[in-house]
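The structure file upload_12.cif is reproduced below (mmCIF, C-alpha atoms).
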```cif
data_coords
#
loop_
_atom_site.label_atom_id
_atom_site.label_comp_id
_atom_site.auth_asym_id
_atom_site.auth_seq_id
_atom_site.Cartn_x
_atom_site.Cartn_y
_atom_site.Cartn_z
CA MET G 254 -31.65 24.33 -30.84
CA ALA G 255 -32.30 25.77 -27.37
CA GLY G 256 -29.31 26.83 -25.32
CA ALA G 257 -28.17 24.92 -22.23
CA ALA G 258 -29.77 27.42 -19.82
CA GLU G 259 -33.19 27.13 -21.48
CA ARG G 260 -32.99 23.35 -21.37
CA ILE G 261 -31.90 23.36 -17.70
CA VAL G 262 -34.76 25.64 -16.69
CA ALA G 263 -37.36 23.70 -18.68
CA LEU G 264 -36.22 20.35 -17.33
CA ALA G 265 -35.98 21.61 -13.74
CA GLU G 266 -39.49 23.02 -13.89
CA GLN G 267 -40.79 19.76 -15.33
CA LEU G 268 -39.10 17.73 -12.60
CA LEU G 269 -39.98 20.00 -9.69
CA GLY G 270 -43.38 21.20 -10.82
CA VAL G 271 -42.77 24.87 -9.99
CA PRO G 272 -41.13 27.78 -11.85
CA VAL G 273 -37.40 28.28 -11.36
CA PRO G 274 -37.33 31.59 -9.42
CA VAL G 275 -33.89 32.85 -10.52
CA ARG G 276 -32.24 33.52 -13.84
CA VAL G 277 -29.86 30.79 -15.01
CA ARG G 278 -26.71 31.30 -17.08
CA ALA G 279 -25.02 28.21 -18.48
CA TRP G 280 -21.50 27.36 -19.65
CA ASP G 281 -22.45 28.18 -23.27
CA ARG G 282 -23.41 31.76 -22.18
CA SER G 283 -27.10 31.12 -22.79
CA GLU G 284 -29.55 32.54 -20.23
CA ALA G 285 -33.13 31.76 -19.21
CA GLY G 286 -35.52 32.58 -16.42
CA PRO G 287 -36.70 35.83 -14.78
CA PRO G 288 -34.94 38.84 -16.35
CA GLU G 289 -34.11 40.61 -13.07
CA GLY G 290 -32.57 39.61 -9.78
CA PRO G 291 -29.69 37.28 -8.95
CA VAL G 292 -28.27 34.89 -11.54
CA LEU G 293 -27.44 31.24 -10.88
CA VAL G 294 -24.34 30.53 -12.95
CA VAL G 295 -23.84 26.91 -14.07
CA ARG G 296 -20.18 27.05 -15.06
CA SER G 297 -19.82 23.53 -16.43
CA ARG G 298 -21.64 20.29 -17.11
CA ARG G 299 -19.97 18.91 -13.99
CA ALA G 300 -22.52 20.80 -11.89
CA LEU G 301 -25.32 18.75 -13.46
CA ARG G 302 -23.42 15.50 -13.04
CA ARG G 303 -22.87 16.25 -9.34
CA VAL G 304 -26.60 16.81 -8.80
CA LEU G 305 -27.62 13.79 -10.88
CA TRP G 306 -25.26 11.45 -9.04
CA ARG G 307 -26.18 12.91 -5.64
CA PRO G 308 -29.68 14.48 -5.91
CA GLY G 309 -30.55 17.08 -3.34
CA GLU G 310 -28.69 19.51 -1.18
CA LEU G 311 -25.37 17.65 -1.00
CA GLY G 312 -25.00 17.49 -4.79
CA LEU G 313 -25.71 21.21 -5.05
CA ALA G 314 -23.27 21.90 -2.21
CA ARG G 315 -20.51 19.95 -3.93
CA ALA G 316 -21.08 21.92 -7.13
CA TRP G 317 -20.92 25.20 -5.18
CA VAL G 318 -17.77 24.31 -3.24
CA ALA G 319 -16.02 23.13 -6.42
CA GLY G 320 -16.92 26.36 -8.22
CA ASP G 321 -19.16 24.61 -10.77
CA LEU G 322 -22.09 26.68 -9.47
CA ASP G 323 -22.00 30.35 -8.52
CA VAL G 324 -24.34 33.28 -7.89
CA GLU G 325 -24.02 36.72 -9.45
CA GLY G 326 -25.85 39.44 -7.57
CA ASP G 327 -27.36 39.32 -4.08
CA LEU G 328 -26.51 35.93 -2.54
CA TYR G 329 -29.07 36.37 0.25
CA ARG G 330 -31.83 37.05 -2.28
CA ALA G 331 -30.81 34.05 -4.36
CA LEU G 332 -30.87 31.75 -1.34
CA ASP G 333 -34.22 33.13 -0.26
CA LEU G 334 -35.69 32.48 -3.70
CA LEU G 335 -34.19 29.00 -3.97
CA ALA G 336 -35.12 27.93 -0.43
CA GLY G 337 -38.48 26.60 -1.57
CA LEU G 338 -36.80 24.31 -4.09
CA ILE G 339 -33.93 23.09 -1.92
CA TRP G 340 -34.84 23.16 1.77
CA GLU G 341 -38.57 23.67 2.24
CA ARG G 342 -40.10 20.71 0.41
CA ASP G 343 -41.73 17.86 2.23
CA GLU G 344 -41.18 14.22 1.40
CA GLN G 345 -43.81 14.36 -1.37
CA GLY G 346 -42.02 17.30 -2.98
CA ALA G 347 -44.64 19.86 -1.94
CA LEU G 348 -43.59 23.23 -0.55
CA THR G 349 -43.72 23.69 3.22
CA SER G 350 -43.20 26.65 5.52
CA GLY G 351 -39.87 25.45 6.88
CA THR G 352 -40.86 26.45 10.39
CA ASP G 353 -43.22 24.27 12.42
CA GLU G 354 -43.21 21.02 10.48
CA ALA G 355 -39.82 21.01 8.73
CA PRO G 356 -36.27 21.68 9.86
CA ALA G 357 -34.45 24.74 8.60
CA PHE G 358 -32.47 22.67 6.15
CA GLY G 359 -34.34 19.51 5.21
CA THR G 360 -33.78 16.52 2.99
CA GLY G 361 -37.16 16.58 1.27
CA TRP G 362 -35.79 17.51 -2.15
CA ALA G 363 -34.20 14.11 -2.59
CA GLY G 364 -37.34 12.43 -1.27
CA GLY G 365 -39.40 14.37 -3.79
CA ALA G 366 -37.06 13.24 -6.56
CA LEU G 367 -37.69 9.61 -5.62
CA SER G 368 -41.44 10.04 -5.93
CA LEU G 369 -41.05 11.91 -9.23
CA ALA G 370 -39.06 9.00 -10.60
CA ARG G 371 -42.33 7.03 -10.72
CA ASP G 372 -43.75 9.50 -13.26
CA PRO G 373 -42.94 8.56 -16.92
CA ALA G 374 -42.73 12.23 -17.99
CA ALA G 375 -40.39 12.97 -15.11
CA ARG G 376 -38.22 10.00 -16.06
CA ARG G 377 -37.96 11.34 -19.61
CA ALA G 378 -36.97 14.77 -18.28
CA ALA G 379 -34.34 13.17 -16.04
CA ALA G 380 -32.96 11.23 -19.02
CA GLU G 381 -32.74 14.46 -21.03
CA LEU G 382 -30.93 16.12 -18.12
CA LEU G 383 -28.51 13.19 -18.07
CA ARG G 384 -27.77 13.69 -21.78
CA LEU G 385 -27.24 17.42 -21.17
CA ALA G 386 -24.81 16.65 -18.33
CA GLY G 387 -22.66 14.63 -20.73
CA PRO G 388 -20.87 11.33 -20.22
CA GLY G 389 -18.53 10.65 -17.36
CA LEU G 390 -18.25 9.18 -13.92
CA PRO G 391 -19.43 11.20 -10.93
CA PRO G 392 -16.89 13.92 -10.11
CA PRO G 393 -15.07 13.26 -6.82
CA PRO G 394 -16.21 15.33 -3.83
CA PRO G 395 -14.23 18.53 -3.23
CA ALA G 396 -11.25 18.15 -0.93
CA GLU G 397 -12.98 20.36 1.66
CA GLU G 398 -15.61 17.69 2.34
CA ALA G 399 -15.15 15.91 5.67
CA ARG G 400 -13.92 12.39 5.19
CA ARG G 401 -16.33 9.56 5.75
CA ARG G 402 -16.67 8.81 9.44
CA THR G 403 -17.19 5.39 10.95
CA GLY G 404 -17.98 4.08 14.41
CA LEU G 405 -20.04 5.66 17.16
CA ARG G 406 -20.66 9.39 17.13
CA HIS G 407 -19.20 11.62 19.82
CA THR G 408 -16.43 9.38 21.05
CA LEU G 409 -13.36 11.32 22.21
CA GLY G 410 -11.41 10.52 19.04
CA ARG G 411 -14.21 11.22 16.58
CA ASP G 412 -15.08 14.51 18.29
CA ARG G 413 -11.44 15.61 18.01
CA GLU G 414 -11.51 14.92 14.27
CA ALA G 415 -14.78 16.81 13.84
CA ILE G 416 -13.55 19.84 15.77
CA SER G 417 -10.26 19.86 13.87
CA HIS G 418 -12.12 19.84 10.53
CA HIS G 419 -13.92 23.04 11.44
CA TYR G 420 -11.54 25.01 13.64
CA ASP G 421 -8.08 24.07 12.39
CA VAL G 422 -8.60 25.98 9.15
CA GLY G 423 -6.04 28.63 10.04
CA ASN G 424 -6.06 31.42 12.59
CA ASP G 425 -5.35 34.05 9.93
CA PHE G 426 -8.45 32.96 8.00
CA TYR G 427 -10.59 33.25 11.11
CA ALA G 428 -9.07 36.64 11.95
CA LEU G 429 -10.17 37.88 8.51
CA VAL G 430 -13.74 36.65 9.03
CA LEU G 431 -14.24 37.36 12.74
CA GLY G 432 -12.30 40.58 13.08
CA PRO G 433 -10.09 41.63 16.03
CA SER G 434 -12.36 40.13 18.70
CA MET G 435 -11.68 36.54 17.51
CA VAL G 436 -15.06 35.53 18.92
CA TYR G 437 -16.91 32.89 16.90
CA SER G 438 -20.40 33.07 18.39
CA CYS G 439 -23.41 35.36 18.40
CA ALA G 440 -22.61 38.97 19.30
CA TYR G 441 -24.84 41.25 21.40
CA TRP G 442 -25.75 44.30 19.33
CA GLN G 443 -26.66 47.89 20.04
CA PRO G 444 -28.27 49.93 17.24
CA ASP G 445 -25.52 51.28 14.98
CA GLY G 446 -22.86 49.37 16.92
CA THR G 447 -19.83 47.68 15.40
CA LEU G 448 -19.06 43.97 15.38
CA GLU G 449 -16.15 44.52 17.76
CA GLU G 450 -18.37 46.42 20.22
CA ALA G 451 -21.11 43.80 19.97
CA GLN G 452 -18.70 40.95 20.72
CA ARG G 453 -17.22 42.81 23.67
CA ASP G 454 -20.74 43.42 25.00
CA LYS G 455 -21.64 39.72 24.58
CA ILE G 456 -18.58 38.60 26.53
CA ASP G 457 -19.29 41.12 29.27
CA LEU G 458 -22.95 40.06 29.36
CA ILE G 459 -21.86 36.48 30.08
CA CYS G 460 -19.56 37.63 32.86
CA ARG G 461 -22.35 39.67 34.45
CA LYS G 462 -24.88 36.86 34.19
CA LEU G 463 -22.40 34.58 35.92
CA ALA G 464 -21.94 37.24 38.62
CA LEU G 465 -18.17 36.77 38.51
CA ARG G 466 -16.17 38.04 41.49
CA PRO G 467 -12.43 38.49 42.05
CA GLY G 468 -10.63 35.29 43.01
CA GLU G 469 -13.32 32.92 41.69
CA ARG G 470 -12.56 30.06 39.30
CA LEU G 471 -14.15 30.16 35.83
CA LEU G 472 -14.18 27.25 33.38
CA ASP G 473 -14.91 28.07 29.74
CA VAL G 474 -15.85 24.89 27.83
CA GLY G 475 -15.04 25.21 24.15
CA GLY G 476 -13.03 28.34 24.86
CA GLY G 477 -12.04 29.17 21.28
CA TRP G 478 -9.21 31.68 20.95
CA GLY G 479 -9.44 32.73 24.60
CA SER G 480 -11.39 35.99 24.31
CA LEU G 481 -13.84 35.25 27.11
CA VAL G 482 -11.33 34.04 29.70
CA LEU G 483 -9.02 36.98 28.95
CA HIS G 484 -11.85 39.46 29.48
CA ALA G 485 -13.02 37.70 32.65
CA ALA G 486 -9.54 37.69 34.16
CA ARG G 487 -8.77 41.26 33.15
CA GLU G 488 -12.08 42.90 34.05
CA TYR G 489 -13.44 40.65 36.83
CA GLY G 490 -10.28 39.35 38.51
CA VAL G 491 -11.06 35.64 38.16
CA HIS G 492 -8.75 32.70 37.63
CA ALA G 493 -9.87 31.13 34.36
CA VAL G 494 -9.38 27.90 32.46
CA ALA G 495 -10.47 27.44 28.84
CA VAL G 496 -10.57 24.04 27.14
CA THR G 497 -10.66 23.42 23.39
CA LEU G 498 -9.97 20.47 21.09
CA SER G 499 -8.34 22.74 18.49
CA ARG G 500 -4.56 23.01 18.79
CA GLU G 501 -4.53 26.07 16.53
CA GLN G 502 -7.00 27.87 18.78
CA ALA G 503 -5.01 26.96 21.89
CA ALA G 504 -1.72 28.21 20.42
CA TYR G 505 -3.31 31.52 19.42
CA GLY G 506 -4.98 31.98 22.80
CA ARG G 507 -1.81 31.20 24.77
CA LYS G 508 0.08 33.83 22.78
CA ARG G 509 -2.58 36.41 23.67
CA ILE G 510 -2.41 35.46 27.35
CA ALA G 511 1.36 35.92 27.40
CA GLU G 512 1.13 39.27 25.61
CA GLU G 513 -1.32 40.55 28.22
CA GLY G 514 0.76 39.25 31.13
CA LEU G 515 -2.02 37.02 32.44
CA THR G 516 -0.29 33.64 32.46
CA ASP G 517 -0.64 33.47 36.25
CA ARG G 518 -4.44 33.71 36.03
CA VAL G 519 -5.47 32.25 32.66
CA GLU G 520 -4.81 28.78 31.23
CA ILE G 521 -5.85 27.28 27.90
CA ARG G 522 -5.80 23.50 27.57
CA VAL G 523 -6.26 21.14 24.64
CA GLN G 524 -8.71 18.94 26.48
CA ASP G 525 -12.15 17.39 26.14
CA TYR G 526 -14.70 18.54 28.70
CA ARG G 527 -15.15 14.89 29.69
CA GLU G 528 -11.51 14.77 30.81
CA ILE G 529 -11.60 17.74 33.22
CA ASP G 530 -10.93 16.57 36.77
CA ASP G 531 -9.83 19.67 38.69
CA GLY G 532 -13.16 21.02 39.91
CA PRO G 533 -14.96 22.46 41.62
CA TYR G 534 -15.37 25.75 39.76
CA ASP G 535 -17.43 28.74 40.81
CA ALA G 536 -18.77 29.31 37.29
CA VAL G 537 -18.86 27.51 33.95
CA SER G 538 -19.49 29.08 30.55
CA SER G 539 -20.24 27.02 27.46
CA VAL G 540 -20.63 29.20 24.37
CA GLY G 541 -21.38 27.64 20.99
CA MET G 542 -20.03 24.30 22.16
CA ALA G 543 -23.07 22.22 23.15
CA GLU G 544 -24.10 21.89 19.47
CA HIS G 545 -21.14 19.50 19.11
CA VAL G 546 -22.17 17.28 22.03
CA GLY G 547 -24.90 15.28 20.28
CA SER G 548 -28.38 14.45 21.51
CA ALA G 549 -27.40 11.01 22.78
CA ARG G 550 -24.73 12.47 25.07
CA TYR G 551 -26.40 15.70 26.13
CA ARG G 552 -27.47 14.39 29.53
CA GLU G 553 -23.88 13.23 30.13
CA TYR G 554 -22.70 16.74 29.19
CA ALA G 555 -25.16 18.32 31.64
CA ASP G 556 -24.17 15.88 34.38
CA ASP G 557 -20.46 16.59 33.85
CA LEU G 558 -20.88 20.36 34.06
CA HIS G 559 -23.05 19.99 37.16
CA ALA G 560 -20.34 17.88 38.81
CA LEU G 561 -17.64 20.45 37.94
CA LEU G 562 -19.46 23.23 39.81
CA ARG G 563 -19.44 23.80 43.55
CA PRO G 564 -22.84 24.01 45.28
CA GLY G 565 -24.14 27.45 44.38
CA GLY G 566 -22.00 27.55 41.20
CA ARG G 567 -23.42 29.08 38.03
CA LEU G 568 -23.63 27.83 34.42
CA LEU G 569 -24.13 29.98 31.32
CA ASN G 570 -25.03 27.75 28.36
CA HIS G 571 -25.14 29.65 25.03
CA GLN G 572 -26.51 27.33 22.33
CA ILE G 573 -28.14 27.33 18.88
CA ALA G 574 -31.60 25.74 18.84
CA ARG G 575 -33.85 24.45 16.09
CA ARG G 576 -37.61 24.54 15.95
CA PRO G 577 -39.36 21.48 17.47
CA LEU G 578 -40.81 18.94 15.07
CA ALA G 579 -44.19 17.24 15.26
CA ASP G 580 -42.26 13.95 15.08
CA GLU G 581 -38.79 14.32 16.55
CA GLU G 582 -37.81 10.93 15.14
CA VAL G 583 -37.60 12.42 11.61
CA TYR G 584 -34.93 14.97 12.55
CA ALA G 585 -31.84 14.60 10.39
CA VAL G 586 -28.62 16.58 10.37
CA ASP G 587 -28.37 18.93 7.40
CA PRO G 588 -26.16 17.18 4.79
CA PHE G 589 -24.23 20.30 3.72
CA ILE G 590 -23.48 21.35 7.30
CA ASP G 591 -22.50 17.80 8.24
CA ALA G 592 -20.19 17.32 5.26
CA TYR G 593 -18.53 20.73 5.08
CA VAL G 594 -19.05 22.79 8.23
CA PHE G 595 -19.78 21.03 11.55
CA PRO G 596 -19.36 17.25 11.18
CA ASP G 597 -21.58 15.40 13.64
CA GLY G 598 -23.14 18.63 14.90
CA GLU G 599 -26.75 18.40 16.10
CA LEU G 600 -29.35 20.97 17.11
CA ALA G 601 -32.12 20.52 19.68
CA PRO G 602 -35.14 22.63 20.64
CA VAL G 603 -34.47 24.94 23.59
CA GLY G 604 -37.16 23.18 25.65
CA ARG G 605 -35.29 19.90 25.43
CA THR G 606 -32.04 21.60 26.49
CA VAL G 607 -33.70 23.20 29.51
CA GLY G 608 -35.32 19.90 30.48
CA LEU G 609 -32.04 17.97 30.37
CA LEU G 610 -30.24 20.63 32.40
CA GLU G 611 -32.97 20.41 35.03
CA ARG G 612 -32.81 16.61 35.11
CA ALA G 613 -29.07 16.89 35.72
CA GLY G 614 -29.84 18.85 38.88
CA PHE G 615 -29.60 22.47 37.69
CA GLU G 616 -32.09 25.16 38.61
CA VAL G 617 -32.73 27.15 35.42
CA ARG G 618 -32.99 30.83 36.33
CA ASP G 619 -33.14 32.67 33.02
CA VAL G 620 -33.49 32.00 29.29
CA GLU G 621 -32.78 34.80 26.80
CA SER G 622 -33.17 34.54 23.04
CA LEU G 623 -30.55 36.29 20.91
CA ARG G 624 -31.93 35.11 17.56
CA GLU G 625 -31.90 38.46 15.75
CA HIS G 626 -28.44 39.19 17.16
CA TYR G 627 -27.01 36.11 15.43
CA ALA G 628 -28.43 37.16 12.06
CA LEU G 629 -26.66 40.52 12.43
CA THR G 630 -23.45 38.77 13.47
CA LEU G 631 -23.46 36.41 10.49
CA ARG G 632 -24.08 39.23 8.04
CA ALA G 633 -21.12 41.09 9.54
CA TRP G 634 -18.90 38.02 9.10
CA VAL G 635 -20.05 37.63 5.48
CA ARG G 636 -19.17 41.29 4.83
CA ASN G 637 -15.69 40.71 6.27
CA LEU G 638 -15.21 37.64 4.07
CA GLU G 639 -16.51 39.25 0.89
CA ALA G 640 -14.46 42.41 1.46
CA ASP G 641 -11.21 40.41 1.17
CA PHE G 642 -12.33 37.22 -0.55
CA ALA G 643 -9.18 36.81 -2.66
CA ARG G 644 -7.02 36.84 0.47
CA ALA G 645 -9.40 34.42 2.20
CA THR G 646 -8.93 31.92 -0.64
CA ARG G 647 -5.16 32.19 -0.21
CA LEU G 648 -5.30 31.75 3.55
CA ALA G 649 -7.47 28.63 3.31
CA THR G 650 -8.57 27.29 -0.10
CA PRO G 651 -11.03 28.68 -2.66
CA GLY G 652 -13.42 25.87 -1.75
CA ARG G 653 -13.16 26.54 1.99
CA ALA G 654 -13.86 30.24 1.48
CA ARG G 655 -16.91 29.33 -0.62
CA VAL G 656 -18.13 26.97 2.12
CA TRP G 657 -17.94 29.71 4.73
CA ARG G 658 -19.66 32.27 2.51
CA LEU G 659 -22.57 29.94 1.72
CA TYR G 660 -23.10 28.55 5.20
CA MET G 661 -22.93 31.94 6.93
CA ALA G 662 -25.29 33.60 4.45
CA ALA G 663 -27.78 30.71 4.58
CA SER G 664 -27.59 30.64 8.38
CA ALA G 665 -28.26 34.39 8.60
CA LEU G 666 -31.48 33.87 6.65
CA ALA G 667 -32.42 30.90 8.85
CA PHE G 668 -32.10 33.05 11.99
CA GLU G 669 -34.02 35.92 10.39
CA ARG G 670 -36.88 33.60 9.37
CA ASN G 671 -37.06 31.93 12.82
CA ARG G 672 -36.05 28.55 11.45
CA ILE G 673 -33.30 28.39 14.06
CA GLY G 674 -32.54 30.45 17.14
CA VAL G 675 -29.89 30.90 19.81
CA ASN G 676 -30.43 31.11 23.56
CA GLN G 677 -28.48 31.88 26.70
CA VAL G 678 -29.59 29.67 29.59
CA LEU G 679 -28.46 30.70 33.08
CA ALA G 680 -28.60 27.84 35.59
CA VAL G 681 -27.39 27.26 39.13
CA ARG G 682 -26.27 24.20 41.03
CA THR G 683 -28.54 25.30 43.84
CA PRO G 684 -27.57 23.79 47.21
CA GLU G 685 -29.97 21.99 49.54
CA SER G 686 -30.50 25.21 51.47
CA GLY G 687 -32.15 26.69 48.38
CA ALA G 688 -29.94 29.79 48.37
CA SER G 689 -29.13 30.40 44.70
CA GLY G 690 -26.81 33.34 45.39
CA LEU G 691 -28.35 35.33 42.53
CA PRO G 692 -29.98 38.78 42.79
CA LEU G 693 -33.73 38.96 43.46
CA ARG G 694 -34.21 40.85 40.22
CA THR G 695 -33.23 38.34 37.56
CA ARG G 696 -32.26 40.88 34.90
CA ARG G 697 -29.92 42.78 37.21
CA TRP G 698 -27.07 42.41 34.68
CA THR G 699 -28.95 44.73 32.29
CA ALA G 700 -29.14 47.41 34.95
CA ASP G 701 -25.44 46.90 35.71
CA ALA G 702 -24.59 47.49 32.08
CA GLU G 703 -26.66 50.68 31.94
CA ALA G 704 -24.99 51.94 35.12
CA ARG G 705 -21.59 51.40 33.54
CA GLY G 706 -22.66 53.67 30.69
#
```

So, in terms of structure tokens, how does the structure I just supplied come out?
Amino acid sequence: MAGAAERIVALAEQLLGVPVPVRVRAWDRSEAGPPEGPVLVVRSRRALRRVLWRPGELGLARAWVAGDLDVEGDLYRALDLLAGLIWERDEQGALTSGTDEAPAFGTGWAGGALSLARDPAARRAAAELLRLAGPGLPPPPPAEEARRRTGLRHTLGRDREAISHHYDVGNDFYALVLGPSMVYSCAYWQPDGTLEEAQRDKIDLICRKLALRPGERLLDVGGGWGSLVLHAAREYGVHAVAVTLSREQAAYGRKRIAEEGLTDRVEIRVQDYREIDDGPYDAVSSVGMAEHVGSARYREYADDLHALLRPGGRLLNHQIARRPLADEEVYAVDPFIDAYVFPDGELAPVGRTVGLLERAGFEVRDVESLREHYALTLRAWVRNLEADFARATRLATPGRARVWRLYMAASALAFERNRIGVNQVLAVRTPESGASGLPLRTRRWTADAEARG
């Protein structure tokens, strides 16, 4: 009788209609598939039951997080090979490019499974897969999965829960992944530079784009562990306020502020941006935060930041973007990211972001893509995690460490393949006089950086 791996591969190919591109090793130590390259390890029958009870990406994600599925060898290569089976299939189950007509992480696999269910041969293969999975109820989701949410998205309370799920994992865990900079957004790389140098350069780039001057007031929305406001106060002499919904981030940042003796010029608050009422500010930075706002509330977000700035004040909005769809109505949040990484997070095309900022009254002065920079950043974070993975599992949980490894590696590939991007948008609340207050040469900050050496 054929081993479990041979049966899994044969049934998967029958159901999906394409060869399985990686080698498979099953719980009985049998192997099947291409002889070289990464190996997909199916550690137990539970992995099959998870996928059968929840076909598609979420079932696979649950099996990965629980440790029922693993990869031996190059994880990036495995994800690249499997992308066509998991993420880049249209609703008929056919392969797509994953760029112009499909989101980076789609839901077509499950849709394809529904259409295959109408085929008698496919139904027989599914029944055989069910027998191979063995009897039993569906395994419960891993504890790391975000609890089911109810009510309207992006209310104050629901946003606090979503942010806590992602950021209140433990400061020591984030320090292991992010390194000494404690910056959790795209770095700004030089050839042969280090992660720490690239994060310092990104923070300084933001300060230069905002043309910060001594004595000005800076608001950092979604301020993380305080790295940006500390740098701005120390190097540019501003008075800075950072707001975050994560109590763990705030506690860490306040400790850093005290250690650097900057408590008279830097404040970190646990506060929603919609609750800020002490404007006006001279400059506002929002780095990696707008993805949590939600499409329905993005205009409100833009209006609020516009109102918090004085006339002539500057905004730097640093935000991940997805590719536009032919039909924007079909956009759906990636189920793995929604359940395990960023609950309620949403991505929008950069054109929509720019349009909403303009409708709120901003004059958009510059848009810079940092797409390749984010791929390099994510690969650096994965290296940090993999270099001390056993400690990471102790600092969080084994499942949480597996979530971070998978989502960061998959996201690096998505940036490299231009399925998603990241952009810095510089905008001004230009007064009626039309005087923006910015240099005539819009990329002056690059020249400033070169002059600094």

For a quick check of understanding, using all atoms listed in the file, which of G:Val617, G:Val519, G:Trp634, G:Pro272 has the smallest distance to G:Pro433? G:Trp634

Please evaluate the PyMOL selection byres ((chain G and resi 271) around 12) against the displayed coordinates and give the resulting residues as a PDB file with C-alpha atoms, in the coordinates of the input.
```pdb
ATOM      1  CA  VAL G 262     -34.760  25.640 -16.690  1.00  0.00           C
ATOM      2  CA  ALA G 263     -37.360  23.700 -18.680  1.00  0.00           C
ATOM      3  CA  LEU G 264     -36.220  20.350 -17.330  1.00  0.00           C
ATOM      4  CA  ALA G 265     -35.980  21.610 -13.740  1.00  0.00           C
ATOM      5  CA  GLU G 266     -39.490  23.020 -13.890  1.00  0.00           C
ATOM      6  CA  GLN G 267     -40.790  19.760 -15.330  1.00  0.00           C
ATOM      7  CA  LEU G 268     -39.100  17.730 -12.600  1.00  0.00           C
ATOM      8  CA  LEU G 269     -39.980  20.000  -9.690  1.00  0.00           C
ATOM      9  CA  GLY G 270     -43.380  21.200 -10.820  1.00  0.00           C
ATOM     10  CA  PRO G 272     -41.130  27.780 -11.850  1.00  0.00           C
ATOM     11  CA  VAL G 273     -37.400  28.280 -11.360  1.00  0.00           C
ATOM     12  CA  PRO G 274     -37.330  31.590  -9.420  1.00  0.00           C
ATOM     13  CA  VAL G 275     -33.890  32.850 -10.520  1.00  0.00           C
ATOM     14  CA  LEU G 335     -34.190  29.000  -3.970  1.00  0.00           C
ATOM     15  CA  GLY G 337     -38.480  26.600  -1.570  1.00  0.00           C
ATOM     16  CA  LEU G 338     -36.800  24.310  -4.090  1.00  0.00           C
ATOM     17  CA  ARG G 342     -40.100  20.710   0.410  1.00  0.00           C
ATOM     18  CA  GLY G 346     -42.020  17.300  -2.980  1.00  0.00           C
ATOM     19  CA  ALA G 347     -44.640  19.860  -1.940  1.00  0.00           C
ATOM     20  CA  LEU G 348     -43.590  23.230  -0.550  1.00  0.00           C
TER      21      LEU G 348
END
```

What would the selection look like, as a PyMOL selection string, if the PyMOL selection byres ((chain G and resi 560) around 10) were run on the coordinates I just shared? chain G and resi 530+532-534+554-559+561-564+613-614+682

Any chance you could export the current selection's C-alpha atoms as a short mmCIF file (atom, residue, chain, number, x, y, z; two decimals), keeping the file's coordinate frame?
```
data_model
loop_
_atom_site.label_atom_id
_atom_site.label_comp_id
_atom_site.auth_asym_id
_atom_site.auth_seq_id
_atom_site.Cartn_x
_atom_site.Cartn_y
_atom_site.Cartn_z
CA ASP G 530 -10.93 16.57 36.77
CA GLY G 532 -13.16 21.02 39.91
CA PRO G 533 -14.96 22.46 41.62
CA TYR G 534 -15.37 25.75 39.76
CA TYR G 554 -22.70 16.74 29.19
CA ALA G 555 -25.16 18.32 31.64
CA ASP G 556 -24.17 15.88 34.38
CA ASP G 557 -20.46 16.59 33.85
CA LEU G 558 -20.88 20.36 34.06
CA HIS G 559 -23.05 19.99 37.16
CA LEU G 561 -17.64 20.45 37.94
CA LEU G 562 -19.46 23.23 39.81
CA ARG G 563 -19.44 23.80 43.55
CA PRO G 564 -22.84 24.01 45.28
CA ALA G 613 -29.07 16.89 35.72
CA GLY G 614 -29.84 18.85 38.88
CA ARG G 682 -26.27 24.20 41.03
#
```

Which one of G:Gly566, G:Pro467, G:Pro287, G:Gly387 sits closest to G:Leu679 if you count all atoms listed in the file? G:Gly566

When the PyMOL selection byres ((chain G and resi 542) around 8) is applied to the structure above, which residues does it catch, written out as a list in words?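 Going through the file, the PyMOL selection byres ((chain G and resi 542) around 8) ends up selecting Val474, Gly475, Ser539, Val540, Gly541, Ala543, Glu544, His545, Val546, His571 and Gln572 of chain G.
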
Using all atoms listed in the file, can you tell me which of G:Arg466, G:Arg636, G:Arg550, G:Arg302 comes closest to G:Leu405?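 Checking each candidate against G:Leu405, we get G:Arg550 as the closest.
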